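Dumped work-v3.cif below, it's mmCIF, N, CA and C atoms:
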data_my_file
loop_
_atom_site.group_PDB
_atom_site.id
_atom_site.type_symbol
_atom_site.label_atom_id
_atom_site.label_comp_id
_atom_site.auth_asym_id
_atom_site.auth_seq_id
_atom_site.Cartn_x
_atom_site.Cartn_y
_atom_site.Cartn_z
ATOM 1 N N MET A 244 0.857 -1.171 0.000
ATOM 2 C CA MET A 244 0.000 0.000 0.000
ATOM 3 C C MET A 244 0.894 1.221 0.000
ATOM 4 N N SER A 245 0.550 2.196 -0.830
ATOM 5 C CA SER A 245 1.409 3.375 -0.929
ATOM 6 C C SER A 245 0.891 4.483 -0.025
ATOM 7 N N ASP A 246 1.806 5.294 0.408
ATOM 8 C CA ASP A 246 1.485 6.440 1.247
ATOM 9 C C ASP A 246 0.923 7.546 0.354
ATOM 10 N N LEU A 247 -0.187 8.192 0.781
ATOM 11 C CA LEU A 247 -0.805 9.245 -0.018
ATOM 12 C C LEU A 247 0.134 10.424 -0.239
ATOM 13 N N GLY A 248 1.026 10.655 0.648
ATOM 14 C CA GLY A 248 1.936 11.780 0.541
ATOM 15 C C GLY A 248 3.156 11.474 -0.291
ATOM 16 N N SER A 249 3.329 10.231 -0.743
ATOM 17 C CA SER A 249 4.529 9.886 -1.499
ATOM 18 C C SER A 249 4.438 10.431 -2.918
ATOM 19 N N SER A 250 5.578 10.655 -3.497
ATOM 20 C CA SER A 250 5.608 11.188 -4.855
ATOM 21 C C SER A 250 6.294 10.189 -5.779
ATOM 22 N N SER A 251 5.899 8.941 -5.687
ATOM 23 C CA SER A 251 6.486 7.884 -6.492
ATOM 24 C C SER A 251 6.093 8.048 -7.954
ATOM 25 N N LYS A 252 7.048 7.803 -8.861
ATOM 26 C CA LYS A 252 6.773 7.907 -10.282
ATOM 27 C C LYS A 252 6.009 6.693 -10.790
ATOM 28 N N ASP A 253 5.890 5.663 -9.970
ATOM 29 C CA ASP A 253 5.228 4.430 -10.388
ATOM 30 C C ASP A 253 3.753 4.391 -9.976
ATOM 31 N N GLU A 254 3.175 5.550 -9.605
ATOM 32 C CA GLU A 254 1.780 5.568 -9.182
ATOM 33 C C GLU A 254 0.872 5.256 -10.365
ATOM 34 N N ASP A 255 -0.203 4.529 -10.099
ATOM 35 C CA ASP A 255 -1.175 4.218 -11.137
ATOM 36 C C ASP A 255 -2.290 5.250 -11.098
ATOM 37 N N TRP A 256 -2.718 5.676 -12.271
ATOM 38 C CA TRP A 256 -3.805 6.633 -12.392
ATOM 39 C C TRP A 256 -4.951 5.955 -13.114
ATOM 40 N N THR A 257 -6.147 6.232 -12.659
ATOM 41 C CA THR A 257 -7.328 5.704 -13.322
ATOM 42 C C THR A 257 -8.010 6.857 -14.035
ATOM 43 N N MET A 258 -8.208 6.706 -15.333
ATOM 44 C CA MET A 258 -8.873 7.739 -16.118
ATOM 45 C C MET A 258 -10.373 7.455 -16.114
ATOM 46 N N ILE A 259 -11.126 8.460 -15.769
ATOM 47 C CA ILE A 259 -12.581 8.337 -15.742
ATOM 48 C C ILE A 259 -13.130 9.170 -16.876
ATOM 49 N N LYS A 260 -13.963 8.544 -17.688
ATOM 50 C CA LYS A 260 -14.526 9.231 -18.842
ATOM 51 C C LYS A 260 -15.756 10.018 -18.410
ATOM 52 N N ASP A 261 -15.831 11.261 -18.859
ATOM 53 C CA ASP A 261 -16.995 12.111 -18.575
ATOM 54 C C ASP A 261 -18.103 11.693 -19.531
ATOM 55 N N THR A 262 -19.200 11.177 -18.987
ATOM 56 C CA THR A 262 -20.283 10.664 -19.826
ATOM 57 C C THR A 262 -21.443 11.630 -19.931
ATOM 58 N N THR A 263 -21.314 12.827 -19.397
ATOM 59 C CA THR A 263 -22.439 13.761 -19.453
ATOM 60 C C THR A 263 -22.748 14.168 -20.883
ATOM 61 N N GLU A 264 -21.733 14.345 -21.719
ATOM 62 C CA GLU A 264 -21.984 14.721 -23.106
ATOM 63 C C GLU A 264 -22.647 13.589 -23.873
ATOM 64 N N GLU A 265 -22.204 12.361 -23.627
ATOM 65 C CA GLU A 265 -22.788 11.214 -24.305
ATOM 66 C C GLU A 265 -24.238 11.026 -23.918
ATOM 67 N N SER A 266 -24.540 11.121 -22.627
ATOM 68 C CA SER A 266 -25.915 10.906 -22.192
ATOM 69 C C SER A 266 -26.826 12.008 -22.704
ATOM 70 N N THR A 267 -26.319 13.232 -22.808
ATOM 71 C CA THR A 267 -27.115 14.332 -23.338
ATOM 72 C C THR A 267 -27.415 14.107 -24.813
ATOM 73 N N SER A 268 -26.405 13.693 -25.571
ATOM 74 C CA SER A 268 -26.631 13.488 -26.997
ATOM 75 C C SER A 268 -27.547 12.299 -27.242
ATOM 76 N N LYS A 269 -27.477 11.268 -26.418
ATOM 77 C CA LYS A 269 -28.375 10.122 -26.567
ATOM 78 C C LYS A 269 -29.806 10.524 -26.261
ATOM 79 N N LYS A 270 -30.008 11.369 -25.260
ATOM 80 C CA LYS A 270 -31.353 11.838 -24.937
ATOM 81 C C LYS A 270 -31.924 12.638 -26.102
ATOM 82 N N GLU A 271 -31.075 13.478 -26.698
ATOM 83 C CA GLU A 271 -31.533 14.294 -27.819
ATOM 84 C C GLU A 271 -31.899 13.436 -29.019
ATOM 85 N N GLU A 272 -31.158 12.332 -29.227
ATOM 86 C CA GLU A 272 -31.445 11.444 -30.344
ATOM 87 C C GLU A 272 -32.780 10.737 -30.156
ATOM 88 N N ASN A 273 -33.147 10.413 -28.928
ATOM 89 C CA ASN A 273 -34.360 9.665 -28.643
ATOM 90 C C ASN A 273 -35.602 10.546 -28.593
ATOM 91 N N GLN A 274 -35.449 11.855 -28.576
ATOM 92 C CA GLN A 274 -36.599 12.747 -28.485
ATOM 93 C C GLN A 274 -37.282 12.877 -29.830
ATOM 94 N N ASP A 275 -38.588 13.088 -29.774
ATOM 95 C CA ASP A 275 -39.367 13.370 -30.969
ATOM 96 C C ASP A 275 -38.991 14.772 -31.433
ATOM 97 N N PRO A 276 -38.581 14.954 -32.674
ATOM 98 C CA PRO A 276 -38.154 16.276 -33.135
ATOM 99 C C PRO A 276 -39.250 17.328 -33.000
ATOM 100 N N ALA A 277 -40.498 16.925 -33.137
ATOM 101 C CA ALA A 277 -41.591 17.891 -33.015
ATOM 102 C C ALA A 277 -41.765 18.349 -31.572
ATOM 103 N N ALA A 278 -41.379 17.505 -30.623
ATOM 104 C CA ALA A 278 -41.556 17.839 -29.219
ATOM 105 C C ALA A 278 -40.354 18.581 -28.633
ATOM 106 N N ALA A 279 -39.288 18.655 -29.397
ATOM 107 C CA ALA A 279 -38.081 19.318 -28.895
ATOM 108 C C ALA A 279 -38.319 20.813 -28.773
ATOM 109 N N SER A 280 -37.807 21.399 -27.706
ATOM 110 C CA SER A 280 -37.963 22.838 -27.526
ATOM 111 C C SER A 280 -36.921 23.569 -28.360
ATOM 112 N N VAL A 281 -37.271 24.737 -28.796
ATOM 113 C CA VAL A 281 -36.380 25.546 -29.606
ATOM 114 C C VAL A 281 -35.919 26.721 -28.769
ATOM 115 N N GLU A 282 -34.620 26.905 -28.690
ATOM 116 C CA GLU A 282 -34.072 28.036 -27.955
ATOM 117 C C GLU A 282 -33.727 29.127 -28.951
ATOM 118 N N ILE A 283 -34.210 30.323 -28.696
ATOM 119 C CA ILE A 283 -33.940 31.456 -29.563
ATOM 120 C C ILE A 283 -32.887 32.322 -28.894
ATOM 121 N N PRO A 284 -31.748 32.485 -29.536
ATOM 122 C CA PRO A 284 -30.708 33.325 -28.930
ATOM 123 C C PRO A 284 -31.139 34.783 -28.937
ATOM 124 N N ILE A 285 -30.817 35.469 -27.864
ATOM 125 C CA ILE A 285 -31.153 36.880 -27.743
ATOM 126 C C ILE A 285 -29.863 37.670 -27.779
ATOM 127 N N ASN A 286 -29.796 38.591 -28.687
ATOM 128 C CA ASN A 286 -28.629 39.444 -28.812
ATOM 129 C C ASN A 286 -28.858 40.675 -27.943
ATOM 130 N N LYS A 287 -28.215 40.715 -26.801
ATOM 131 C CA LYS A 287 -28.411 41.810 -25.857
ATOM 132 C C LYS A 287 -27.963 43.149 -26.435
ATOM 133 N N GLU A 288 -27.014 43.119 -27.367
ATOM 134 C CA GLU A 288 -26.507 44.364 -27.929
ATOM 135 C C GLU A 288 -27.537 45.042 -28.818
ATOM 136 N N SER A 289 -28.433 44.255 -29.454
ATOM 137 C CA SER A 289 -29.400 44.856 -30.361
ATOM 138 C C SER A 289 -30.608 45.422 -29.625
ATOM 139 N N GLU A 290 -30.820 44.993 -28.394
ATOM 140 C CA GLU A 290 -31.941 45.512 -27.626
ATOM 141 C C GLU A 290 -31.604 46.894 -27.085
ATOM 142 N N PRO A 291 -32.535 47.837 -27.199
ATOM 143 C CA PRO A 291 -32.254 49.151 -26.629
ATOM 144 C C PRO A 291 -32.199 49.057 -25.111
ATOM 145 N N SER A 292 -31.331 49.845 -24.532
ATOM 146 C CA SER A 292 -31.229 49.819 -23.080
ATOM 147 C C SER A 292 -32.488 50.416 -22.469
ATOM 148 N N ALA A 293 -32.859 49.891 -21.335
ATOM 149 C CA ALA A 293 -34.060 50.369 -20.656
ATOM 150 C C ALA A 293 -33.841 51.798 -20.185
ATOM 151 N N PRO A 294 -34.833 52.665 -20.419
ATOM 152 C CA PRO A 294 -34.688 54.038 -19.951
ATOM 153 C C PRO A 294 -34.647 54.083 -18.424
ATOM 154 N N SER A 295 -33.914 55.028 -17.902
ATOM 155 C CA SER A 295 -33.828 55.137 -16.444
ATOM 156 C C SER A 295 -34.120 56.570 -16.018
ATOM 157 N N HIS A 296 -34.595 56.684 -14.779
ATOM 158 C CA HIS A 296 -34.928 57.993 -14.219
ATOM 159 C C HIS A 296 -34.586 57.968 -12.739
ATOM 160 N N PRO A 297 -34.073 59.064 -12.194
ATOM 161 C CA PRO A 297 -33.706 59.080 -10.769
ATOM 162 C C PRO A 297 -34.909 58.979 -9.825
ATOM 163 N N ASP A 298 -36.086 59.433 -10.256
ATOM 164 C CA ASP A 298 -37.283 59.354 -9.419
ATOM 165 C C ASP A 298 -37.895 57.955 -9.570
ATOM 166 N N PRO A 299 -37.954 57.177 -8.477
ATOM 167 C CA PRO A 299 -38.448 55.798 -8.583
ATOM 168 C C PRO A 299 -39.880 55.700 -9.124
ATOM 169 N N LYS A 300 -40.738 56.649 -8.787
ATOM 170 C CA LYS A 300 -42.128 56.606 -9.249
ATOM 171 C C LYS A 300 -42.182 56.768 -10.770
ATOM 172 N N ILE A 301 -41.402 57.707 -11.283
ATOM 173 C CA ILE A 301 -41.370 57.933 -12.726
ATOM 174 C C ILE A 301 -40.668 56.768 -13.419
ATOM 175 N N GLN A 302 -39.658 56.206 -12.793
ATOM 176 C CA GLN A 302 -38.954 55.055 -13.359
ATOM 177 C C GLN A 302 -39.901 53.868 -13.529
ATOM 178 N N VAL A 303 -40.704 53.586 -12.506
ATOM 179 C CA VAL A 303 -41.665 52.475 -12.574
ATOM 180 C C VAL A 303 -42.697 52.743 -13.666
ATOM 181 N N ALA A 304 -43.193 53.974 -13.737
ATOM 182 C CA ALA A 304 -44.180 54.333 -14.764
ATOM 183 C C ALA A 304 -43.562 54.243 -16.158
ATOM 184 N N LEU A 305 -42.331 54.667 -16.293
ATOM 185 C CA LEU A 305 -41.633 54.611 -17.567
ATOM 186 C C LEU A 305 -41.445 53.162 -18.026
ATOM 187 N N GLU A 306 -41.055 52.298 -17.102
ATOM 188 C CA GLU A 306 -40.899 50.880 -17.419
ATOM 189 C C GLU A 306 -42.238 50.266 -17.808
ATOM 190 N N ALA A 307 -43.300 50.638 -17.098
ATOM 191 C CA ALA A 307 -44.627 50.102 -17.394
ATOM 192 C C ALA A 307 -45.079 50.529 -18.788
ATOM 193 N N MET A 308 -44.888 51.786 -19.110
ATOM 194 C CA MET A 308 -45.343 52.280 -20.411
ATOM 195 C C MET A 308 -44.492 51.731 -21.560
ATOM 196 N N THR A 309 -43.200 51.547 -21.338
ATOM 197 C CA THR A 309 -42.384 50.946 -22.394
ATOM 198 C C THR A 309 -42.743 49.475 -22.577
ATOM 199 N N SER A 310 -43.138 48.805 -21.502
ATOM 200 C CA SER A 310 -43.581 47.413 -21.652
ATOM 201 C C SER A 310 -44.926 47.333 -22.364
ATOM 202 N N MET A 311 -45.698 48.426 -22.353
ATOM 203 C CA MET A 311 -46.964 48.494 -23.090
ATOM 204 C C MET A 311 -46.724 48.741 -24.576
ATOM 205 N N GLY A 312 -45.487 49.094 -24.929
ATOM 206 C CA GLY A 312 -45.157 49.314 -26.326
ATOM 207 C C GLY A 312 -44.830 50.746 -26.677
ATOM 208 N N PHE A 313 -44.910 51.652 -25.728
ATOM 209 C CA PHE A 313 -44.562 53.046 -26.001
ATOM 210 C C PHE A 313 -43.049 53.175 -26.105
ATOM 211 N N LYS A 314 -42.591 54.020 -27.000
ATOM 212 C CA LYS A 314 -41.160 54.295 -27.173
ATOM 213 C C LYS A 314 -40.825 55.617 -26.496
ATOM 214 N N ASN A 315 -39.615 55.716 -26.009
ATOM 215 C CA ASN A 315 -39.169 56.934 -25.334
ATOM 216 C C ASN A 315 -38.114 57.650 -26.180
ATOM 217 N N GLU A 316 -38.265 57.586 -27.493
ATOM 218 C CA GLU A 316 -37.295 58.224 -28.377
ATOM 219 C C GLU A 316 -37.297 59.727 -28.163
ATOM 220 N N GLY A 317 -36.130 60.244 -27.908
ATOM 221 C CA GLY A 317 -36.001 61.675 -27.666
ATOM 222 C C GLY A 317 -36.402 62.078 -26.251
ATOM 223 N N GLY A 318 -36.816 61.122 -25.433
ATOM 224 C CA GLY A 318 -37.180 61.404 -24.044
ATOM 225 C C GLY A 318 -38.562 62.011 -23.868
ATOM 226 N N TRP A 319 -39.414 61.959 -24.910
ATOM 227 C CA TRP A 319 -40.740 62.577 -24.815
ATOM 228 C C TRP A 319 -41.603 61.915 -23.743
ATOM 229 N N LEU A 320 -41.492 60.595 -23.622
ATOM 230 C CA LEU A 320 -42.316 59.891 -22.639
ATOM 231 C C LEU A 320 -41.867 60.228 -21.217
ATOM 232 N N THR A 321 -40.571 60.321 -21.027
ATOM 233 C CA THR A 321 -40.032 60.707 -19.716
ATOM 234 C C THR A 321 -40.511 62.103 -19.341
ATOM 235 N N THR A 322 -40.449 63.029 -20.285
ATOM 236 C CA THR A 322 -40.886 64.406 -20.034
ATOM 237 C C THR A 322 -42.366 64.453 -19.676
ATOM 238 N N LEU A 323 -43.172 63.698 -20.398
ATOM 239 C CA LEU A 323 -44.604 63.662 -20.132
ATOM 240 C C LEU A 323 -44.905 63.054 -18.763
ATOM 241 N N LEU A 324 -44.204 61.986 -18.418
ATOM 242 C CA LEU A 324 -44.391 61.369 -17.096
ATOM 243 C C LEU A 324 -43.936 62.309 -15.975
ATOM 244 N N GLU A 325 -42.870 63.053 -16.216
ATOM 245 C CA GLU A 325 -42.425 64.037 -15.218
ATOM 246 C C GLU A 325 -43.493 65.108 -15.026
ATOM 247 N N ALA A 326 -44.093 65.566 -16.122
ATOM 248 C CA ALA A 326 -45.122 66.614 -16.043
ATOM 249 C C ALA A 326 -46.362 66.127 -15.295
ATOM 250 N N LYS A 327 -46.632 64.835 -15.369
ATOM 251 C CA LYS A 327 -47.822 64.268 -14.707
ATOM 252 C C LYS A 327 -47.449 63.473 -13.454
ATOM 253 N N ASN A 328 -46.246 63.709 -12.926
ATOM 254 C CA ASN A 328 -45.774 63.084 -11.681
ATOM 255 C C ASN A 328 -45.872 61.561 -11.700
ATOM 256 N N GLY A 329 -45.615 60.971 -12.862
ATOM 257 C CA GLY A 329 -45.604 59.518 -12.976
ATOM 258 C C GLY A 329 -46.980 58.872 -13.011
ATOM 259 N N ASP A 330 -48.020 59.660 -13.196
ATOM 260 C CA ASP A 330 -49.392 59.124 -13.230
ATOM 261 C C ASP A 330 -49.700 58.630 -14.648
ATOM 262 N N ILE A 331 -49.675 57.315 -14.824
ATOM 263 C CA ILE A 331 -49.880 56.715 -16.141
ATOM 264 C C ILE A 331 -51.264 57.044 -16.689
ATOM 265 N N ALA A 332 -52.281 57.035 -15.851
ATOM 266 C CA ALA A 332 -53.647 57.318 -16.307
ATOM 267 C C ALA A 332 -53.739 58.718 -16.923
ATOM 268 N N LYS A 333 -53.093 59.697 -16.287
ATOM 269 C CA LYS A 333 -53.121 61.066 -16.819
ATOM 270 C C LYS A 333 -52.361 61.159 -18.142
ATOM 271 N N VAL A 334 -51.268 60.436 -18.237
ATOM 272 C CA VAL A 334 -50.500 60.430 -19.483
ATOM 273 C C VAL A 334 -51.325 59.797 -20.597
ATOM 274 N N LEU A 335 -52.000 58.694 -20.293
ATOM 275 C CA LEU A 335 -52.829 58.035 -21.302
ATOM 276 C C LEU A 335 -53.997 58.928 -21.723
ATOM 277 N N ASP A 336 -54.552 59.686 -20.781
ATOM 278 C CA ASP A 336 -55.631 60.623 -21.115
ATOM 279 C C ASP A 336 -55.145 61.697 -22.089
ATOM 280 N N ILE A 337 -53.920 62.151 -21.913
ATOM 281 C CA ILE A 337 -53.362 63.149 -22.822
ATOM 282 C C ILE A 337 -53.150 62.547 -24.214
ATOM 283 N N LEU A 338 -52.665 61.304 -24.231
ATOM 284 C CA LEU A 338 -52.395 60.662 -25.516
ATOM 285 C C LEU A 338 -53.670 60.281 -26.263
ATOM 286 N N GLN A 339 -54.713 59.952 -25.510
ATOM 287 C CA GLN A 339 -55.995 59.572 -26.122
ATOM 288 C C GLN A 339 -57.115 60.139 -25.237
ATOM 289 N N PRO A 340 -57.475 61.374 -25.453
ATOM 290 C CA PRO A 340 -58.495 62.000 -24.594
ATOM 291 C C PRO A 340 -59.862 61.308 -24.735
ATOM 292 N N VAL A 341 -60.593 61.295 -23.633
ATOM 293 C CA VAL A 341 -61.937 60.727 -23.615
ATOM 294 C C VAL A 341 -62.904 61.741 -24.171
ATOM 295 N N LYS A 342 -63.685 61.335 -25.154
ATOM 296 C CA LYS A 342 -64.662 62.248 -25.748
ATOM 297 C C LYS A 342 -65.946 62.198 -24.933
ATOM 298 N N LYS A 343 -66.432 63.367 -24.572
ATOM 299 C CA LYS A 343 -67.654 63.438 -23.752
ATOM 300 C C LYS A 343 -68.840 63.826 -24.564
#

As structure tokens, the full file:
Amino acid sequence: MSDLGSSSKDEDWTMIKDTTEESTSKKEENQDPAAASVEIPINKESEPSAPSHPDPKIQVALEAMTSMGFKNEGGWLTTLLEAKNGDIAKVLDILQPVKK
């Protein structure tokens, strides 16, 4: 029996094969191609950066309105939200007034 601390050149090494790649590829081969999920790569560089504002109330409103599909090109949406103190309902009323 050899000492664990020895540095003998005659030590035997056991090579263990990593089978994770093989098992993954075998699973993929056995799956129904129609049932396989499709991953769509997202290019973070092509996405516009989220607009930011120092006032948390306006920031939340700005994020909400951009998620609704409004664009903040030129900062018009930020300016409008600042004028209405972050009140989305008032901003929407300005954009589409209610006819009485």

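From CA of Asn328 in chain A back to CA of Ser295 in chain A, the distance works out to 15.1 Å.
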
So what does the PyMOL selection byres (((chain A and resi 329 and name CA) around 12) and name CA) actually pick up in this one, as an mmCIF file with N, CA and C atoms, keeping the file's coordinate frame?
data_model
loop_
_atom_site.group_PDB
_atom_site.id
_atom_site.type_symbol
_atom_site.label_atom_id
_atom_site.label_comp_id
_atom_site.auth_asym_id
_atom_site.auth_seq_id
_atom_site.Cartn_x
_atom_site.Cartn_y
_atom_site.Cartn_z
ATOM 1 N N HIS A 296 -34.595 56.684 -14.779
ATOM 2 C CA HIS A 296 -34.928 57.993 -14.219
ATOM 3 C C HIS A 296 -34.586 57.968 -12.739
ATOM 4 N N ASP A 298 -36.086 59.433 -10.256
ATOM 5 C CA ASP A 298 -37.283 59.354 -9.419
ATOM 6 C C ASP A 298 -37.895 57.955 -9.570
ATOM 7 N N PRO A 299 -37.954 57.177 -8.477
ATOM 8 C CA PRO A 299 -38.448 55.798 -8.583
ATOM 9 C C PRO A 299 -39.880 55.700 -9.124
ATOM 10 N N LYS A 300 -40.738 56.649 -8.787
ATOM 11 C CA LYS A 300 -42.128 56.606 -9.249
ATOM 12 C C LYS A 300 -42.182 56.768 -10.770
ATOM 13 N N ILE A 301 -41.402 57.707 -11.283
ATOM 14 C CA ILE A 301 -41.370 57.933 -12.726
ATOM 15 C C ILE A 301 -40.668 56.768 -13.419
ATOM 16 N N GLN A 302 -39.658 56.206 -12.793
ATOM 17 C CA GLN A 302 -38.954 55.055 -13.359
ATOM 18 C C GLN A 302 -39.901 53.868 -13.529
ATOM 19 N N VAL A 303 -40.704 53.586 -12.506
ATOM 20 C CA VAL A 303 -41.665 52.475 -12.574
ATOM 21 C C VAL A 303 -42.697 52.743 -13.666
ATOM 22 N N ALA A 304 -43.193 53.974 -13.737
ATOM 23 C CA ALA A 304 -44.180 54.333 -14.764
ATOM 24 C C ALA A 304 -43.562 54.243 -16.158
ATOM 25 N N LEU A 305 -42.331 54.667 -16.293
ATOM 26 C CA LEU A 305 -41.633 54.611 -17.567
ATOM 27 C C LEU A 305 -41.445 53.162 -18.026
ATOM 28 N N GLU A 306 -41.055 52.298 -17.102
ATOM 29 C CA GLU A 306 -40.899 50.880 -17.419
ATOM 30 C C GLU A 306 -42.238 50.266 -17.808
ATOM 31 N N ALA A 307 -43.300 50.638 -17.098
ATOM 32 C CA ALA A 307 -44.627 50.102 -17.394
ATOM 33 C C ALA A 307 -45.079 50.529 -18.788
ATOM 34 N N MET A 308 -44.888 51.786 -19.110
ATOM 35 C CA MET A 308 -45.343 52.280 -20.411
ATOM 36 C C MET A 308 -44.492 51.731 -21.560
ATOM 37 N N LEU A 320 -41.492 60.595 -23.622
ATOM 38 C CA LEU A 320 -42.316 59.891 -22.639
ATOM 39 C C LEU A 320 -41.867 60.228 -21.217
ATOM 40 N N THR A 321 -40.571 60.321 -21.027
ATOM 41 C CA THR A 321 -40.032 60.707 -19.716
ATOM 42 C C THR A 321 -40.511 62.103 -19.341
ATOM 43 N N THR A 322 -40.449 63.029 -20.285
ATOM 44 C CA THR A 322 -40.886 64.406 -20.034
ATOM 45 C C THR A 322 -42.366 64.453 -19.676
ATOM 46 N N LEU A 323 -43.172 63.698 -20.398
ATOM 47 C CA LEU A 323 -44.604 63.662 -20.132
ATOM 48 C C LEU A 323 -44.905 63.054 -18.763
ATOM 49 N N LEU A 324 -44.204 61.986 -18.418
ATOM 50 C CA LEU A 324 -44.391 61.369 -17.096
ATOM 51 C C LEU A 324 -43.936 62.309 -15.975
ATOM 52 N N GLU A 325 -42.870 63.053 -16.216
ATOM 53 C CA GLU A 325 -42.425 64.037 -15.218
ATOM 54 C C GLU A 325 -43.493 65.108 -15.026
ATOM 55 N N ALA A 326 -44.093 65.566 -16.122
ATOM 56 C CA ALA A 326 -45.122 66.614 -16.043
ATOM 57 C C ALA A 326 -46.362 66.127 -15.295
ATOM 58 N N LYS A 327 -46.632 64.835 -15.369
ATOM 59 C CA LYS A 327 -47.822 64.268 -14.707
ATOM 60 C C LYS A 327 -47.449 63.473 -13.454
ATOM 61 N N ASN A 328 -46.246 63.709 -12.926
ATOM 62 C CA ASN A 328 -45.774 63.084 -11.681
ATOM 63 C C ASN A 328 -45.872 61.561 -11.700
ATOM 64 N N ASP A 330 -48.020 59.660 -13.196
ATOM 65 C CA ASP A 330 -49.392 59.124 -13.230
ATOM 66 C C ASP A 330 -49.700 58.630 -14.648
ATOM 67 N N ILE A 331 -49.675 57.315 -14.824
ATOM 68 C CA ILE A 331 -49.880 56.715 -16.141
ATOM 69 C C ILE A 331 -51.264 57.044 -16.689
ATOM 70 N N ALA A 332 -52.281 57.035 -15.851
ATOM 71 C CA ALA A 332 -53.647 57.318 -16.307
ATOM 72 C C ALA A 332 -53.739 58.718 -16.923
ATOM 73 N N LYS A 333 -53.093 59.697 -16.287
ATOM 74 C CA LYS A 333 -53.121 61.066 -16.819
ATOM 75 C C LYS A 333 -52.361 61.159 -18.142
ATOM 76 N N VAL A 334 -51.268 60.436 -18.237
ATOM 77 C CA VAL A 334 -50.500 60.430 -19.483
ATOM 78 C C VAL A 334 -51.325 59.797 -20.597
ATOM 79 N N LEU A 335 -52.000 58.694 -20.293
ATOM 80 C CA LEU A 335 -52.829 58.035 -21.302
ATOM 81 C C LEU A 335 -53.997 58.928 -21.723
#

Gap from CA of Val341 in chain A to CA of Met311 in chain A - Å, one decimal:
19.3 Å

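Atom pair atom N of Phe313 in chain A / atom C of Asp336 in chain A has a distance of 14.8 Å (rounded to one decimal).
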